[in-house]
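Chemist: What follows is the file model.cif, containing mmCIF, C-alpha atoms:
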data_data
#
loop_
_atom_site.label_atom_id
_atom_site.label_comp_id
_atom_site.auth_asym_id
_atom_site.auth_seq_id
_atom_site.Cartn_x
_atom_site.Cartn_y
_atom_site.Cartn_z
CA MET A 150 131.41 58.34 69.77
CA GLU A 151 131.72 60.17 73.11
CA THR A 152 134.88 61.99 72.15
CA SER A 153 133.43 63.36 68.91
CA THR A 154 130.14 64.38 70.56
CA VAL A 155 131.66 66.63 73.21
CA PRO A 156 133.28 69.25 70.97
CA ARG A 157 130.25 69.21 68.66
CA THR A 158 127.94 69.99 71.59
CA GLU A 159 130.20 72.75 72.85
CA SER A 160 130.33 74.37 69.45
CA ALA A 161 126.53 74.08 69.12
CA ARG A 162 126.12 75.73 72.51
CA SER A 163 128.42 78.61 71.65
CA LYS A 164 126.64 79.19 68.33
CA ARG A 165 123.32 79.27 70.17
CA SER A 166 124.74 81.87 72.57
CA ALA A 167 126.02 83.93 69.64
CA ILE A 168 122.54 83.85 68.04
CA VAL A 169 120.89 84.89 71.31
CA ALA A 170 123.40 87.75 71.75
CA ALA A 171 122.86 88.96 68.18
CA ALA A 172 119.06 88.76 68.62
CA VAL A 173 119.20 90.75 71.89
CA ASP A 174 121.22 93.47 70.12
CA ARG A 175 118.85 93.57 67.12
CA PHE A 176 115.55 93.35 69.06
CA GLY A 177 116.88 95.89 71.55
CA SER A 178 118.08 98.49 69.05
CA ASP A 179 115.87 98.03 65.95
CA GLY A 180 112.82 96.63 67.78
CA TYR A 181 111.51 93.06 67.55
CA GLU A 182 108.92 93.84 64.89
CA HIS A 183 111.44 95.62 62.62
CA THR A 184 114.12 92.95 62.93
CA LYS A 185 114.42 90.65 59.93
CA TRP A 186 115.11 87.10 61.08
CA ALA A 187 117.63 86.73 58.21
CA ALA A 188 119.66 89.68 59.57
CA ILE A 189 120.47 87.65 62.68
CA ALA A 190 121.87 84.81 60.57
CA ASP A 191 124.06 87.39 58.81
CA ASP A 192 125.24 88.87 62.13
CA VAL A 193 126.34 85.46 63.37
CA GLY A 194 127.80 84.45 60.00
CA ILE A 195 125.61 81.39 59.43
CA GLY A 196 123.03 80.49 56.80
CA GLN A 197 119.29 80.67 57.40
CA THR A 198 119.00 76.88 57.38
CA ALA A 199 121.55 76.67 60.19
CA LEU A 200 119.65 79.37 62.09
CA TYR A 201 116.45 77.31 61.91
CA HIS A 202 118.38 74.44 63.47
CA TYR A 203 118.54 76.48 66.71
CA PHE A 204 115.29 78.46 66.62
CA GLU A 205 112.29 77.62 64.51
CA SER A 206 111.06 81.23 64.35
CA LYS A 207 111.82 84.78 65.45
CA ALA A 208 109.13 84.38 68.13
CA HIS A 209 110.78 81.17 69.38
CA CYS A 210 114.05 83.09 69.78
CA LEU A 211 112.28 86.00 71.55
CA LEU A 212 110.49 83.65 73.97
CA THR A 213 113.80 81.89 74.69
CA ILE A 214 115.46 85.24 75.47
CA MET A 215 112.59 86.08 77.82
CA ARG A 216 112.83 82.70 79.54
CA LEU A 217 116.62 83.08 79.95
CA GLU A 218 116.20 86.56 81.48
CA LEU A 219 113.51 85.31 83.88
CA THR A 220 115.72 82.35 84.87
CA GLN A 221 118.63 84.69 85.57
CA SER A 222 116.40 87.10 87.48
CA LEU A 223 115.15 84.36 89.82
CA ALA A 224 118.65 82.92 90.30
CA ARG A 225 120.03 86.39 91.08
CA PHE A 226 117.31 87.03 93.65
CA GLN A 227 117.91 83.68 95.37
CA GLU A 228 121.68 84.10 95.39
CA VAL A 229 121.58 87.66 96.76
CA THR A 230 118.86 87.17 99.37
CA GLY A 231 119.74 83.62 100.47
CA SER A 232 122.65 84.68 102.67
CA ILE A 233 121.15 87.84 104.24
CA GLU A 234 119.20 87.39 107.48
CA ASP A 235 117.77 90.92 107.78
CA PRO A 236 114.71 91.25 105.46
CA ALA A 237 115.20 94.99 104.78
CA GLU A 238 118.86 94.46 103.85
CA ALA A 239 117.95 91.42 101.72
CA LEU A 240 115.27 93.40 99.86
CA ALA A 241 117.60 96.37 99.31
CA GLN A 242 120.30 94.08 97.90
CA ALA A 243 117.79 92.25 95.69
CA VAL A 244 116.71 95.56 94.14
CA ARG A 245 120.28 96.79 93.68
CA SER A 246 121.39 93.53 92.08
CA ALA A 247 118.67 93.96 89.42
CA TYR A 248 120.73 96.87 88.02
CA GLU A 249 124.09 95.13 87.96
CA ALA A 250 123.81 94.88 84.21
CA SER A 251 125.98 95.13 81.13
CA ALA A 252 124.60 97.15 78.20
CA ARG A 253 123.36 93.87 76.68
CA ASP A 254 121.78 92.76 79.98
CA ALA A 255 119.91 96.08 80.05
CA LEU A 256 118.62 95.47 76.52
CA GLN A 257 117.60 91.92 77.46
CA ARG A 258 115.66 93.20 80.49
CA ARG A 259 113.92 95.84 78.36
CA ILE A 260 113.01 93.21 75.74
CA LEU A 261 111.46 91.04 78.46
CA GLN A 262 109.36 93.92 79.80
CA ASN A 263 108.25 95.02 76.34
CA HIS A 264 106.94 91.59 75.38
CA LEU A 265 105.40 90.21 78.57
CA ASP A 266 101.97 90.21 76.88
CA LEU A 267 103.25 87.39 74.64
CA LEU A 268 103.04 85.15 77.70
CA SER A 269 99.28 85.54 78.08
CA THR A 270 98.07 83.76 74.95
CA GLU A 271 98.82 80.27 73.57
CA ARG A 272 101.54 79.95 70.93
CA PRO A 273 100.91 78.17 67.63
CA SER A 274 104.00 75.93 67.77
CA GLU A 275 105.03 73.39 70.39
CA LYS A 276 108.52 74.82 70.94
CA GLU A 277 107.22 78.37 71.35
CA GLU A 278 104.49 77.14 73.68
CA GLN A 279 107.06 75.28 75.77
CA GLU A 280 109.12 78.46 76.28
CA ARG A 281 105.96 80.44 77.02
CA LEU A 282 104.84 78.00 79.72
CA ARG A 283 108.32 77.90 81.28
CA SER A 284 108.36 81.70 81.30
CA ARG A 285 104.92 81.92 82.90
CA ALA A 286 106.01 79.50 85.63
CA LEU A 287 109.14 81.62 86.22
CA VAL A 288 107.06 84.83 86.51
CA ARG A 289 105.00 83.11 89.21
CA ASP A 290 108.15 81.84 90.96
CA ILE A 291 109.68 85.33 90.94
CA GLU A 292 106.50 86.91 92.33
CA LYS A 293 106.39 84.20 94.99
CA ALA A 294 110.07 84.71 95.95
CA TRP A 295 109.57 88.50 96.41
CA THR A 296 106.28 87.90 98.26
CA ASP A 297 107.94 85.39 100.63
CA LEU A 298 110.74 87.83 101.45
CA ILE A 299 108.28 90.65 102.13
CA ARG A 300 106.16 88.30 104.27
CA ARG A 301 109.29 87.47 106.29
CA GLY A 302 109.79 91.22 106.80
CA VAL A 303 106.18 91.72 107.90
CA GLU A 304 106.35 88.78 110.32
CA SER A 305 109.60 90.03 111.87
CA GLY A 306 108.08 93.51 112.29
CA ALA A 307 110.60 95.15 109.91
CA PHE A 308 107.90 95.93 107.30
CA ALA A 309 104.39 97.32 107.77
CA ASP A 310 101.53 94.81 107.91
CA ARG A 311 99.99 95.16 104.44
CA ASP A 312 98.89 92.77 101.67
CA VAL A 313 102.21 91.04 100.91
CA GLU A 314 101.31 90.02 97.35
CA LEU A 315 100.35 93.55 96.43
CA SER A 316 103.53 94.89 98.08
CA ALA A 317 105.63 92.44 96.07
CA ARG A 318 103.93 93.54 92.84
CA MET A 319 104.58 97.18 93.72
CA ALA A 320 108.25 96.44 94.45
CA LEU A 321 108.58 94.60 91.14
CA ALA A 322 106.79 97.42 89.26
CA LEU A 323 109.36 99.90 90.62
CA VAL A 324 112.26 97.60 89.76
CA VAL A 325 111.25 96.72 86.20
CA GLY A 326 109.67 100.09 85.35
CA VAL A 327 113.19 101.46 84.94
CA TRP A 328 113.82 99.37 81.81
CA ARG A 329 111.08 101.29 80.02
CA TRP A 330 113.01 104.56 80.03
CA TYR A 331 116.65 103.72 80.89
CA ARG A 332 119.16 104.27 78.09
CA PRO A 333 122.96 104.07 78.58
CA GLY A 334 124.56 107.51 78.82
CA GLY A 335 121.52 109.13 80.48
CA PRO A 336 121.72 111.39 83.55
CA HIS A 337 121.72 108.47 86.04
CA SER A 338 124.09 105.52 86.16
CA LEU A 339 122.59 102.08 86.80
CA GLU A 340 124.34 102.03 90.18
CA GLU A 341 122.63 105.30 91.20
CA ILE A 342 119.30 104.01 89.92
CA GLY A 343 119.82 100.87 92.01
CA VAL A 344 120.42 102.87 95.19
CA LEU A 345 117.48 105.24 94.60
CA THR A 346 115.09 102.43 93.61
CA SER A 347 116.03 100.25 96.59
CA ASP A 348 115.38 103.23 98.90
CA ALA A 349 111.97 103.77 97.24
CA VAL A 350 111.06 100.06 97.52
CA LEU A 351 111.91 100.15 101.24
CA ARG A 352 109.65 103.19 101.70
CA VAL A 353 106.84 101.29 99.95
CA VAL A 354 107.06 98.28 102.30
CA THR A 355 107.75 100.10 105.60
CA MET B 214 75.01 120.98 52.08
CA GLU B 215 75.48 121.72 55.79
CA THR B 216 72.31 119.88 56.82
CA SER B 217 73.28 116.71 54.96
CA THR B 218 76.88 116.80 56.24
CA VAL B 219 76.06 116.84 59.93
CA PRO B 220 74.32 113.47 60.27
CA ARG B 221 76.84 111.83 57.94
CA THR B 222 79.70 113.05 60.14
CA GLU B 223 77.95 111.93 63.30
CA SER B 224 77.34 108.47 61.87
CA ALA B 225 80.97 108.23 60.72
CA ARG B 226 82.12 109.22 64.19
CA SER B 227 79.93 106.64 65.91
CA LYS B 228 81.10 103.89 63.53
CA ARG B 229 84.69 104.85 64.32
CA SER B 230 83.93 104.59 68.05
CA ALA B 231 82.30 101.20 67.50
CA ILE B 232 85.41 99.95 65.67
CA VAL B 233 87.69 101.24 68.45
CA ALA B 234 85.51 99.57 71.11
CA ALA B 235 85.48 96.26 69.22
CA ALA B 236 89.26 96.44 68.73
CA VAL B 237 89.85 97.13 72.44
CA ASP B 238 87.75 94.08 73.33
CA ARG B 239 89.54 91.86 70.79
CA PHE B 240 93.11 93.08 71.48
CA GLY B 241 92.42 92.93 75.21
CA SER B 242 90.98 89.42 75.33
CA ASP B 243 92.57 87.55 72.38
CA GLY B 244 95.77 89.60 72.24
CA TYR B 245 96.78 92.02 69.46
CA GLU B 246 98.90 89.50 67.59
CA HIS B 247 96.17 86.84 67.59
CA THR B 248 93.38 89.20 66.50
CA LYS B 249 92.40 88.95 62.85
CA TRP B 250 91.68 92.40 61.46
CA ALA B 251 88.67 90.97 59.57
CA ALA B 252 87.12 89.79 62.87
CA ILE B 253 86.74 93.43 63.94
CA ALA B 254 84.80 94.25 60.76
CA ASP B 255 82.51 91.30 61.58
CA ASP B 256 82.05 92.47 65.19
CA VAL B 257 80.96 95.92 64.03
CA GLY B 258 78.87 94.55 61.18
CA ILE B 259 80.69 96.28 58.33
CA GLY B 260 82.69 95.04 55.38
CA GLN B 261 86.49 95.05 55.26
CA THR B 262 86.49 97.84 52.67
CA ALA B 263 84.46 100.04 55.02
CA LEU B 264 86.86 99.15 57.87
CA TYR B 265 89.84 100.36 55.80
CA HIS B 266 88.03 103.67 55.37
CA TYR B 267 88.59 104.30 59.10
CA PHE B 268 91.89 102.54 59.78
CA GLU B 269 94.40 101.56 57.14
CA SER B 270 95.82 98.67 59.20
CA LYS B 271 95.52 96.80 62.49
CA ALA B 272 98.62 98.69 63.69
CA HIS B 273 97.01 102.03 62.77
CA CYS B 274 94.00 101.09 64.92
CA LEU B 275 96.25 99.98 67.82
CA LEU B 276 98.28 103.21 67.69
CA THR B 277 95.04 105.23 67.62
CA ILE B 278 93.78 103.36 70.72
CA MET B 279 97.09 104.10 72.47
CA ARG B 280 96.92 107.79 71.54
CA LEU B 281 93.29 108.02 72.75
CA GLU B 282 94.24 106.41 76.10
CA LEU B 283 97.21 108.77 76.53
CA THR B 284 95.01 111.77 75.68
CA GLN B 285 92.44 110.68 78.27
CA SER B 286 95.14 109.99 80.85
CA LEU B 287 96.60 113.51 80.51
CA ALA B 288 93.14 115.16 80.52
CA ARG B 289 92.17 113.17 83.64
CA PHE B 290 95.34 114.21 85.45
CA GLN B 291 94.82 117.89 84.59
CA GLU B 292 91.16 117.85 85.55
CA VAL B 293 91.76 116.11 88.89
CA THR B 294 94.85 118.01 89.99
CA GLY B 295 93.93 121.44 88.59
CA SER B 296 91.54 122.30 91.40
CA ILE B 297 93.53 120.91 94.37
CA GLU B 298 95.99 123.25 96.07
CA ASP B 299 97.69 120.72 98.37
CA PRO B 300 100.32 118.73 96.36
CA ALA B 301 99.96 115.53 98.44
CA GLU B 302 96.19 115.54 98.07
CA ALA B 303 96.47 116.34 94.34
CA LEU B 304 98.90 113.46 93.83
CA ALA B 305 96.73 111.04 95.81
CA GLN B 306 93.66 111.98 93.76
CA ALA B 307 95.60 111.72 90.50
CA VAL B 308 96.62 108.16 91.38
CA ARG B 309 93.12 107.16 92.48
CA SER B 310 91.51 108.60 89.36
CA ALA B 311 93.73 106.34 87.23
CA TYR B 312 91.68 103.39 88.51
CA GLU B 313 88.23 104.87 87.91
CA ALA B 314 87.82 102.56 84.96
CA SER B 315 85.16 100.46 83.28
CA ALA B 316 86.11 96.93 82.23
CA ARG B 317 86.83 98.27 78.74
CA ASP B 318 88.91 101.18 80.12
CA ALA B 319 90.98 98.63 82.05
CA LEU B 320 91.58 96.65 78.85
CA GLN B 321 92.51 99.85 76.99
CA ARG B 322 95.05 100.78 79.69
CA ARG B 323 96.54 97.28 79.59
CA ILE B 324 96.78 97.43 75.78
CA LEU B 325 98.65 100.74 76.03
CA GLN B 326 101.14 99.34 78.56
CA ASN B 327 101.70 96.16 76.58
CA HIS B 328 102.57 97.98 73.36
CA LEU B 329 104.55 101.03 74.49
CA ASP B 330 107.62 99.68 72.66
CA LEU B 331 105.77 100.37 69.37
CA LEU B 332 106.37 104.06 70.06
CA SER B 333 110.16 103.77 69.93
CA THR B 334 110.65 102.93 66.25
CA GLU B 335 109.43 104.65 63.08
CA ARG B 336 106.25 103.32 61.43
CA PRO B 337 106.18 102.42 57.73
CA SER B 338 103.00 104.39 56.91
CA GLU B 339 102.28 108.09 57.31
CA LYS B 340 99.04 107.64 59.29
CA GLU B 341 100.65 105.18 61.70
CA GLU B 342 103.67 107.45 62.09
CA GLN B 343 101.39 110.41 62.83
CA GLU B 344 99.68 108.51 65.67
CA ARG B 345 103.05 107.31 66.96
CA LEU B 346 104.48 110.84 67.11
CA ARG B 347 101.33 112.20 68.80
CA SER B 348 101.56 109.37 71.34
CA ARG B 349 105.22 110.05 72.04
CA ALA B 350 104.48 113.72 72.61
CA LEU B 351 101.67 112.75 75.00
CA VAL B 352 103.97 110.41 76.97
CA ARG B 353 106.36 113.34 77.42
CA ASP B 354 103.49 115.68 78.42
CA ILE B 355 102.23 113.15 80.99
CA GLU B 356 105.72 112.69 82.47
CA LYS B 357 106.11 116.47 82.59
CA ALA B 358 102.71 116.97 84.29
CA TRP B 359 103.55 114.43 87.04
CA THR B 360 107.06 115.87 87.40
CA ASP B 361 105.69 119.42 87.76
CA LEU B 362 103.25 118.35 90.49
CA ILE B 363 105.99 116.52 92.40
CA ARG B 364 108.29 119.55 92.02
CA ARG B 365 105.52 121.72 93.50
CA GLY B 366 105.38 119.29 96.43
CA VAL B 367 109.15 119.41 96.93
CA GLU B 368 109.22 123.22 96.77
CA SER B 369 106.41 123.52 99.30
CA GLY B 370 108.19 121.11 101.63
CA ALA B 371 105.41 118.50 101.43
CA PHE B 372 107.64 115.99 99.59
CA ALA B 373 111.27 115.02 100.23
CA ASP B 374 113.93 116.78 98.16
CA ARG B 375 114.84 114.11 95.59
CA ASP B 376 115.27 114.01 91.80
CA VAL B 377 111.75 115.01 90.70
CA GLU B 378 111.92 113.35 87.28
CA LEU B 379 112.95 110.05 88.78
CA SER B 380 110.21 110.37 91.45
CA ALA B 381 107.62 111.00 88.72
CA ARG B 382 108.79 107.92 86.81
CA MET B 383 108.57 105.84 89.97
CA ALA B 384 105.05 107.12 90.68
CA LEU B 385 103.99 106.31 87.10
CA ALA B 386 105.62 102.86 87.29
CA LEU B 387 103.52 102.09 90.38
CA VAL B 388 100.34 103.42 88.75
CA VAL B 389 100.64 101.65 85.39
CA GLY B 390 102.27 98.46 86.73
CA VAL B 391 98.83 97.41 87.98
CA TRP B 392 97.50 96.93 84.42
CA ARG B 393 100.00 94.14 83.92
CA TRP B 394 98.33 91.82 86.44
CA TYR B 395 94.88 93.28 87.16
CA ARG B 396 91.93 91.18 85.94
CA PRO B 397 88.29 91.94 86.84
CA GLY B 398 87.01 89.64 89.57
CA GLY B 399 90.40 89.31 91.31
CA PRO B 400 90.91 89.66 95.09
CA HIS B 401 91.16 93.50 94.96
CA SER B 402 88.64 95.94 93.50
CA LEU B 403 89.98 98.82 91.42
CA GLU B 404 88.87 101.21 94.16
CA GLU B 405 90.95 99.34 96.78
CA ILE B 406 93.91 99.23 94.37
CA GLY B 407 93.54 103.00 93.91
CA VAL B 408 93.68 103.65 97.66
CA LEU B 409 96.62 101.29 98.26
CA THR B 410 98.59 102.57 95.26
CA SER B 411 98.06 106.23 96.15
CA ASP B 412 99.32 105.50 99.68
CA ALA B 413 102.40 103.76 98.21
CA VAL B 414 103.09 106.65 95.80
CA LEU B 415 102.94 109.11 98.70
CA ARG B 416 105.43 106.98 100.66
CA VAL B 417 107.75 107.05 97.63
CA VAL B 418 107.75 110.86 97.37
CA THR B 419 107.79 111.76 101.09
#
Transcribe the structure of this file into structure tokens.
Modeler:
Amino acid sequence: METSTVPRTESARSKRSAIVAAAVDRFGSDGYEHTKWAAIADDVGIGQTALYHYFESKAHCLLTIMRLELTQSLARFQEVTGSIEDPAEALAQAVRSAYEASARDALQRRILQNHLDLLSTERPSEKEEQERLRSRALVRDIEKAWTDLIRRGVESGAFADRDVELSARMALALVVGVWRWYRPGGPHSLEEIGVLTSDAVLRVVT
Amino acid sequence: METSTVPRTESARSKRSAIVAAAVDRFGSDGYEHTKWAAIADDVGIGQTALYHYFESKAHCLLTIMRLELTQSLARFQEVTGSIEDPAEALAQAVRSAYEASARDALQRRILQNHLDLLSTERPSEKEEQERLRSRALVRDIEKAWTDLIRRGVESGAFADRDVELSARMALALVVGVWRWYRPGGPHSLEEIGVLTSDAVLRVVT
């Protein structure tokens, strides 16, 4: 039993990743509303019945993509800031790391920003609602992580003594606002944007 | 002819305003996706056929609300900044004026932010597409107006010499980011948020 289960699970996992990747590409380029759920099955080379085995609806897939992006965003923040003592340097690196993104990562981040309002109202299905609640909890965790870092900076005297929650929201607004207008091949590279945005965030908190 | 046309036009205009107000309340509190188009007809006290006389679809109404908000946003910016010589003072007042908002204005601004991705892909109907294209043009005009003011500040030496388009986008990200989390009755009044955000925007550009 064990031996036959392992490869099956691995293959299921890789198919799920392929569906998520295809959905990110479609939602990102054609728009979520314009994307036909069946087109994603075609992209991955599976039937619609198989697709429903992984995601029960287009919205379920979108909410899963959002939850994955939020999970990665929190993990990235913790990994980058965990090892840096100086709050200003930690904040600068956290901002820069938000732009270390492949073209697909950039699409995924834009999709998250464009559909955040989905998180504010209850979903009709249990699976969608589960992803929504996980995503909401992650949004709170991310806001708390940025707030805690800024509080550490205020307490050490590195940052100005202002409302730390509001400062964290301003920092996050600067960081995520980029995904609204950024398109690959524009006048600024993501690396440049990371440097300029981290400088701006530091000016906001100091 | 003339005498009979005038009141009819006025009444049509006021009904249209009533529909827009009801839609802002519904989209803002229940969410756009969850709002039944028929519920808006009920709120206004008209039949669905009469409703379709004003808006051919829920999306047409949403796009009209977005275009109205963008029109007001640009007009507000021009009115506030037009009479102030000093670029820093003009920018500060432009930011503050963005938060002079009734509860319904706040909902309307949140609705705009939550659905900006609608503007990036073509609409199926002519009336929707018309509102989308007008909205896109307004977004560009708003970005240009903020960019021009920041450029004036850089040229006069009041602001630091950085990429003015990027600075304008950062300023706008700080201003509109608030509508994502602001709810009436929270810890900060809109007036306080206006003061704190205008200070932050000035730190970003100087």
Chemist: List every protein, DNA or RNA residue that has at least one atom no more than 9 Å from (110.2, 90.1, 102.4) in the file's coordinates, counting all atoms listed in the file, and write the result as a PyMOL selection string.
Modeler: chain A and resi 236-237+239-240+294-304+308+313+317+354
Chemist: Kindly determine which residues of chain B lie within 10 Å of chain A, considering only C-alpha atoms, and give the answer as a compact mmCIF listing (two decimals) with C-alpha atoms, in the frame of the given file.
Modeler:
# COMPACT_ATOMS: atom_id res chain seq x y z
CA SER B 242 90.98 89.42 75.33
CA ASP B 243 92.57 87.55 72.38
CA GLY B 244 95.77 89.60 72.24
CA TYR B 245 96.78 92.02 69.46
CA GLU B 246 98.90 89.50 67.59
CA HIS B 247 96.17 86.84 67.59
CA ARG B 323 96.54 97.28 79.59
CA ILE B 324 96.78 97.43 75.78
CA GLN B 326 101.14 99.34 78.56
CA ASN B 327 101.70 96.16 76.58
CA HIS B 328 102.57 97.98 73.36
CA LEU B 329 104.55 101.03 74.49
CA ASP B 330 107.62 99.68 72.66
CA LEU B 331 105.77 100.37 69.37
CA SER B 333 110.16 103.77 69.93
CA THR B 334 110.65 102.93 66.25
CA GLU B 335 109.43 104.65 63.08
CA ARG B 336 106.25 103.32 61.43
CA PRO B 337 106.18 102.42 57.73
CA ARG B 375 114.84 114.11 95.59
CA ASP B 376 115.27 114.01 91.80
CA LEU B 379 112.95 110.05 88.78
CA SER B 380 110.21 110.37 91.45
CA ARG B 382 108.79 107.92 86.81
CA MET B 383 108.57 105.84 89.97
CA ALA B 384 105.05 107.12 90.68
CA LEU B 385 103.99 106.31 87.10
CA ALA B 386 105.62 102.86 87.29
CA LEU B 387 103.52 102.09 90.38
CA VAL B 388 100.34 103.42 88.75
CA VAL B 389 100.64 101.65 85.39
CA GLY B 390 102.27 98.46 86.73
CA VAL B 391 98.83 97.41 87.98
CA ARG B 393 100.00 94.14 83.92
CA TRP B 394 98.33 91.82 86.44
CA HIS B 401 91.16 93.50 94.96
CA ILE B 406 93.91 99.23 94.37
CA LEU B 409 96.62 101.29 98.26
CA THR B 410 98.59 102.57 95.26
CA ASP B 412 99.32 105.50 99.68
CA ALA B 413 102.40 103.76 98.21
CA VAL B 414 103.09 106.65 95.80
CA LEU B 415 102.94 109.11 98.70
CA ARG B 416 105.43 106.98 100.66
CA VAL B 417 107.75 107.05 97.63
CA VAL B 418 107.75 110.86 97.37
CA THR B 419 107.79 111.76 101.09
Chemist: Under the PyMOL selection byres ((chain B and resi 354) around 12), which residues of this model are included? Write them out as a ChimeraX atom specification.
Modeler: /B:283-284,286-288,290-291,347-353,355-361
Chemist: Determine the residue membership of the PyMOL selection byres ((chain B and resi 265) around 12) for the file above and supply it as a list in words.
Modeler: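 That selection, the PyMOL selection byres ((chain B and resi 265) around 12), comes back as Arg229, Ile232, Trp250, Ala251, Ile253, Ala254, Ile259, Gly260, Gln261, Thr262, Ala263, Leu264, His266, Tyr267, Phe268, Glu269, Ser270, Lys271, Ala272, His273 and Cys274 of chain B.
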Chemist: Give me the residues within 8 Å of A:Tyr248 as a VMD selection string, counting only C-alpha atoms and dropping any in the same chain fewer than 3 places off.
Modeler: chain A and resid 244 to 245 339 to 340 342 to 343
Chemist: Between atom CA of B:Thr277 and atom CA of B:Ala234, measure the distance and give it in Å to one decimal.
Modeler: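 Distance reported for this atom pair: 11.6 Å.
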Chemist: Just give me the gap between atom CA of A:Ala243 and atom CA of B:Arg396 in Å, one decimal is fine.
Modeler: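 Spanning atom CA of A:Ala243 to atom CA of B:Arg396 is a straight-line distance of 27.7 Å.
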Chemist: For the atom pair atom CA of B:Val233 and atom CA of B:Val408, what is the interatomic distance in Å to one decimal place?
Modeler: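 Interatomic distance here is 29.9 Å.
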Chemist: Quick one: apply the PyMOL selection byres ((chain A and resi 252-258) around 8) to the file and drop the selected residues here as a list of chain:residue names.
Modeler: A:Ala170, A:Val173, A:Asp174, A:Gly177, A:Ile214, A:Met215, A:Glu218, A:Ala250, A:Ser251, A:Arg259, A:Ile260, A:Leu261, A:Gln262, A:Trp328, A:Pro333
